[in-house]
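Only one structure is covered here, and it is reproduced in the block below.
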Amino acid sequence: MSNIDVIEKFLRYVKIDTQSDDTTGTSPSTMKQHDLAKLLFKEMKEIGVSDLYYDQDHCYVYGKIPATSGFENAPKIGFIAHMDTSDEVSGKDVKPRIVENYDGKDITLSSDGKVVLSPKSFPELKNHVGEDLIVTDGTTLLGADDKAGVAEIMAMAETLLTDPSIQHGPVMIAFTPDEEIGGGTDYFDLDRFGADYAYTIDGGKLGELEYENFNAAEGKIKVNGRSVHPGDAKNKMVNASLICYEFHSLLPVFQNPMYTEKREGFFHLSEVNGSTESAAASYIIRDHDEALFNEKKELFKAAADFLNQKYGEGTVEVSIRDQYYNMIEKIRPHIHLVDNAKKVMTSLGIDPIDVPIRGGTDGAMLSYKGLPCPNLCTGGYNYHGKYEYASVNEMKKVVDIILGLVSVYKDFDI
Ligand SMILES: [Zn+2]
């Protein structure tokens, strides 16, 4: 158990606006992320984290907690959280409020009474009766994604550094920018970080453990038609827009994000533009299973081939680009990362929940760069919106999970 106040840290961090922005093209995408980076750097220094490094160009903060005597050769275990918040809802002037001993009823968030956090819309609120919840004032997001993770890692660090009776191996910490816009690992310095294994602390519900994500590709088609005056078009016109429709009709109807869940993959038509002369469509292709993922990409190409045979070579140009892969392939050889997390949770009375991520994570990117990195819960809910909230009780337990992992790895033989 940690005596360090993770909530006090969290309330301090969420008041700093760190919204990222995928339109700037810079790294970090917004300079205001440095405001939190600077504060974390200062706080890490104050509590005695060593090997501190602040990458002022790209806004990453790294630090280490050296092993206690006798555990210098234990595996180096790292913890990572991201500092930015979603670009969907403002993270400026966040005014967090603690609802003590939640009674299971509606929580009115905004002063005009219009924004209400209700178990009718969010039934899982019922699981938090009797807990203290941190909510927004209905005008901004909360930023538990991922400042809950940041605060929990900082509380773990301060616990280790203030309580010399806790034995541990080398522990690494990093805070990253721009996760929300997919740039969180672009300038991550694996050598400087120096961990053998790591966990991102960026999930939701207490007990969630994520080590599978989608394999992901982007598929595009461009259809070259032939525009002819419609009055004189017989056997001459080739309508590119209609061929675009036809292409889509060749893909399996139910393999669509609207009809899939859990480990079911899909083709998602994300954009389409067309005229008679030319048309273009963009898709994302997703599947957890590598074989099914490859099958989907083959089918995408086969649909284009079929149309080229029907309408003539060069009618449909197709391109597929892989975006990221399922981290399970990189975690499986180090499955102790999953087993140990489950063991620690169980020992704390928490039921581990396996969640296959229907998206990607920074941890997936890092796993493919050579740092196996599953994702753990934070105790935050309803991310990226005004209804975001965090459970005080769960956040405290997450600190205990992190400390538990640190303890397991001090004795762990790889
Ligand atoms: Zn996040």
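Going through the structure tokens in order, the chains are called A, B, and so on, while each chain numbers its residues from 1 and the ligands are numbered from 1 in the order shown.
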
- Item | Surrounding residues of stretch 293-310 of chain A excluding itself and chain neighbours under 6 positions, 9 Å, only C-alpha atoms, as a list in words | Phe214, Asn215, Ala216, Ala217, Gly219, Ile221, Ile243, Glu246, Phe247, His248, Leu250, Leu251, Gly265, Phe266, Phe267, Ile285, Arg286, Asp287, Val316, Glu317, Val318, Ser319 and Ile320 of chain A

- Task: Might you pull out every residue within 6 Å of stretch 125-130 of chain A, with only C-alpha atoms counted and same-chain residues fewer than 6 positions away left off, and present them as a list in words?
- Result: Asn101, Tyr102, Asp103, Gly104 and Pro119 of chain A

- Query: Hey, what's within 10 Å of A:Gly70 if we count only C-alpha atoms and toss same-chain stuff fewer than 6 positions away? As a PyMOL selection string, please?
  - Reply: chain A and resi 167-169+410

- List every residue of stretch 55-240 of chain A that DSSP, applied to the backbone, labels as strand (DSSP E), and write the result as a VMD selection string. chain A and resid 55 60 to 65 77 to 82 97 to 99 107 to 108 116 to 117 133 to 135 171 to 176 197 to 201 208 to 212 215 to 224

Find the residues of chain A that sit at most 8 Å from ligand 1; for each, write down the nearest two atoms and how far apart they are in Å, to one decimal. Count only C-alpha atoms and all ligand atoms. Sort by chain, then by number going up, and give it as JSON lines.
```
{"residue": "A:Ala81", "atom": "CA", "partner": "ligand 1", "partner_atom_place_in_ligand_line": "1 (Zn)", "distance": 7.8}
{"residue": "A:His82", "atom": "CA", "partner": "ligand 1", "partner_atom_place_in_ligand_line": "1 (Zn)", "distance": 6.6}
{"residue": "A:Thr85", "atom": "CA", "partner": "ligand 1", "partner_atom_place_in_ligand_line": "1 (Zn)", "distance": 7.5}
{"residue": "A:Asp145", "atom": "CA", "partner": "ligand 1", "partner_atom_place_in_ligand_line": "1 (Zn)", "distance": 4.5}
{"residue": "A:Asp146", "atom": "CA", "partner": "ligand 1", "partner_atom_place_in_ligand_line": "1 (Zn)", "distance": 4.8}
{"residue": "A:Glu179", "atom": "CA", "partner": "ligand 1", "partner_atom_place_in_ligand_line": "1 (Zn)", "distance": 6.7}
{"residue": "A:Glu180", "atom": "CA", "partner": "ligand 1", "partner_atom_place_in_ligand_line": "1 (Zn)", "distance": 6.5}
{"residue": "A:Asp202", "atom": "CA", "partner": "ligand 1", "partner_atom_place_in_ligand_line": "1 (Zn)", "distance": 4.9}
{"residue": "A:Gly203", "atom": "CA", "partner": "ligand 1", "partner_atom_place_in_ligand_line": "1 (Zn)", "distance": 6.9}
```

Selection export as a PDB file, in the first residue's frame, atoms kept: N, CA and C atoms:
```pdb
ATOM      1  N   ALA A  81       3.437   6.664 -19.491  1.00  0.00           N
ATOM      2  CA  ALA A  81       2.099   7.268 -19.643  1.00  0.00           C
ATOM      3  C   ALA A  81       2.241   8.463 -20.571  1.00  0.00           C
ATOM      4  N   HIS A  82       1.131   8.856 -21.191  1.00  0.00           N
ATOM      5  CA  HIS A  82       1.205  10.010 -22.097  1.00  0.00           C
ATOM      6  C   HIS A  82       0.613  11.266 -21.460  1.00  0.00           C
ATOM      7  N   THR A  85      -3.815  15.209 -24.086  1.00  0.00           N
ATOM      8  CA  THR A  85      -5.226  14.792 -24.034  1.00  0.00           C
ATOM      9  C   THR A  85      -5.825  14.891 -25.438  1.00  0.00           C
ATOM     10  N   ASP A 145      -7.396  10.210 -19.094  1.00  0.00           N
ATOM     11  CA  ASP A 145      -6.640   9.676 -20.216  1.00  0.00           C
ATOM     12  C   ASP A 145      -5.638  10.732 -20.638  1.00  0.00           C
ATOM     13  N   ASP A 146      -4.435  10.755 -20.167  1.00  0.00           N
ATOM     14  CA  ASP A 146      -3.829   9.684 -19.431  1.00  0.00           C
ATOM     15  C   ASP A 146      -3.140  10.229 -18.187  1.00  0.00           C
ATOM     16  N   GLU A 179       0.274  11.026 -27.896  1.00  0.00           N
ATOM     17  CA  GLU A 179      -0.271   9.674 -28.097  1.00  0.00           C
ATOM     18  C   GLU A 179      -1.612   9.727 -28.809  1.00  0.00           C
ATOM     19  N   GLU A 180      -2.399  10.738 -28.474  1.00  0.00           N
ATOM     20  CA  GLU A 180      -3.764  10.810 -29.012  1.00  0.00           C
ATOM     21  C   GLU A 180      -3.794  11.023 -30.517  1.00  0.00           C
ATOM     22  N   ASP A 202      -2.448   3.158 -19.389  1.00  0.00           N
ATOM     23  CA  ASP A 202      -3.271   4.003 -20.259  1.00  0.00           C
ATOM     24  C   ASP A 202      -4.596   3.323 -20.599  1.00  0.00           C
ATOM     25  N   GLY A 203      -5.028   2.388 -19.739  1.00  0.00           N
ATOM     26  CA  GLY A 203      -6.298   1.707 -20.007  1.00  0.00           C
ATOM     27  C   GLY A 203      -7.422   2.360 -19.232  1.00  0.00           C
TER      28      GLY A 203
END
```

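For the atom pair formed by atom CA of A:Asp21 and atom CA of A:Glu88, the distance is 9.3 Å, given to one decimal.
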
- Message: Could you tell me how far atom CA of A:Tyr409 sits from atom CA of A:Leu348, in Å to one decimal place?
- Response: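 Between atom CA of A:Leu348 and atom CA of A:Tyr409 the gap is 16.5 Å.
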
- Message: Based on the backbone DSSP call, show me all residues of stretch 187-274 of chain A assigned alpha helix (DSSP H), as a ChimeraX atom specification.
- Response: /A:190-193,240-249

Can I get the selection written as a PDB file, in the first residue's frame, with N, CA, C and O atoms?
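See again-v2.pdb below for the written result:
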```pdb
ATOM      1  N   LEU A 190      14.507   4.487 -26.951  1.00  0.00           N
ATOM      2  CA  LEU A 190      14.516   3.207 -26.234  1.00  0.00           C
ATOM      3  C   LEU A 190      15.807   2.994 -25.461  1.00  0.00           C
ATOM      4  O   LEU A 190      15.808   2.444 -24.359  1.00  0.00           O
ATOM      5  N   ASP A 191      16.933   3.437 -26.034  1.00  0.00           N
ATOM      6  CA  ASP A 191      18.227   3.246 -25.354  1.00  0.00           C
ATOM      7  C   ASP A 191      18.284   4.065 -24.076  1.00  0.00           C
ATOM      8  O   ASP A 191      18.742   3.599 -23.041  1.00  0.00           O
ATOM      9  N   ARG A 192      17.831   5.293 -24.169  1.00  0.00           N
ATOM     10  CA  ARG A 192      17.847   6.140 -22.976  1.00  0.00           C
ATOM     11  C   ARG A 192      16.904   5.586 -21.910  1.00  0.00           C
ATOM     12  O   ARG A 192      17.229   5.547 -20.738  1.00  0.00           O
ATOM     13  N   PHE A 193      15.751   5.144 -22.336  1.00  0.00           N
ATOM     14  CA  PHE A 193      14.768   4.575 -21.404  1.00  0.00           C
ATOM     15  C   PHE A 193      15.389   3.376 -20.688  1.00  0.00           C
ATOM     16  O   PHE A 193      15.335   3.268 -19.470  1.00  0.00           O
ATOM     17  N   ALA A 240     -17.247   5.879 -63.128  1.00  0.00           N
ATOM     18  CA  ALA A 240     -16.306   5.554 -62.039  1.00  0.00           C
ATOM     19  C   ALA A 240     -17.015   5.437 -60.686  1.00  0.00           C
ATOM     20  O   ALA A 240     -16.706   4.558 -59.884  1.00  0.00           O
ATOM     21  N   SER A 241     -17.999   6.315 -60.431  1.00  0.00           N
ATOM     22  CA  SER A 241     -18.697   6.262 -59.133  1.00  0.00           C
ATOM     23  C   SER A 241     -19.416   4.928 -58.953  1.00  0.00           C
ATOM     24  O   SER A 241     -19.403   4.346 -57.868  1.00  0.00           O
ATOM     25  N   LEU A 242     -20.045   4.456 -60.048  1.00  0.00           N
ATOM     26  CA  LEU A 242     -20.766   3.187 -59.943  1.00  0.00           C
ATOM     27  C   LEU A 242     -19.803   2.017 -59.718  1.00  0.00           C
ATOM     28  O   LEU A 242     -20.122   1.070 -58.993  1.00  0.00           O
ATOM     29  N   ILE A 243     -18.637   2.103 -60.322  1.00  0.00           N
ATOM     30  CA  ILE A 243     -17.645   1.025 -60.115  1.00  0.00           C
ATOM     31  C   ILE A 243     -17.149   1.054 -58.669  1.00  0.00           C
ATOM     32  O   ILE A 243     -16.887   0.021 -58.050  1.00  0.00           O
ATOM     33  N   CYS A 244     -17.072   2.260 -58.117  1.00  0.00           N
ATOM     34  CA  CYS A 244     -16.711   2.398 -56.703  1.00  0.00           C
ATOM     35  C   CYS A 244     -17.743   1.677 -55.815  1.00  0.00           C
ATOM     36  O   CYS A 244     -17.392   0.937 -54.907  1.00  0.00           O
ATOM     37  N   TYR A 245     -19.020   1.898 -56.106  1.00  0.00           N
ATOM     38  CA  TYR A 245     -20.083   1.166 -55.393  1.00  0.00           C
ATOM     39  C   TYR A 245     -19.909  -0.331 -55.554  1.00  0.00           C
ATOM     40  O   TYR A 245     -20.055  -1.104 -54.608  1.00  0.00           O
ATOM     41  N   GLU A 246     -19.633  -0.716 -56.776  1.00  0.00           N
ATOM     42  CA  GLU A 246     -19.522  -2.144 -57.080  1.00  0.00           C
ATOM     43  C   GLU A 246     -18.366  -2.753 -56.294  1.00  0.00           C
ATOM     44  O   GLU A 246     -18.483  -3.862 -55.759  1.00  0.00           O
ATOM     45  N   PHE A 247     -17.272  -2.009 -56.217  1.00  0.00           N
ATOM     46  CA  PHE A 247     -16.126  -2.487 -55.434  1.00  0.00           C
ATOM     47  C   PHE A 247     -16.575  -2.760 -53.998  1.00  0.00           C
ATOM     48  O   PHE A 247     -16.318  -3.818 -53.438  1.00  0.00           O
ATOM     49  N   HIS A 248     -17.271  -1.791 -53.428  1.00  0.00           N
ATOM     50  CA  HIS A 248     -17.688  -1.971 -52.030  1.00  0.00           C
ATOM     51  C   HIS A 248     -18.604  -3.174 -51.876  1.00  0.00           C
ATOM     52  O   HIS A 248     -18.531  -3.906 -50.881  1.00  0.00           O
ATOM     53  N   SER A 249     -19.459  -3.406 -52.885  1.00  0.00           N
ATOM     54  CA  SER A 249     -20.416  -4.525 -52.793  1.00  0.00           C
ATOM     55  C   SER A 249     -19.703  -5.879 -52.839  1.00  0.00           C
ATOM     56  O   SER A 249     -20.290  -6.900 -52.484  1.00  0.00           O
TER      57      SER A 249
END
```

- Task: Grab the atom CA of A:Val253 to atom CA of A:Ser278 distance for me, in Å with one decimal place.
- Result: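 A separation of 24.2 Å between them.
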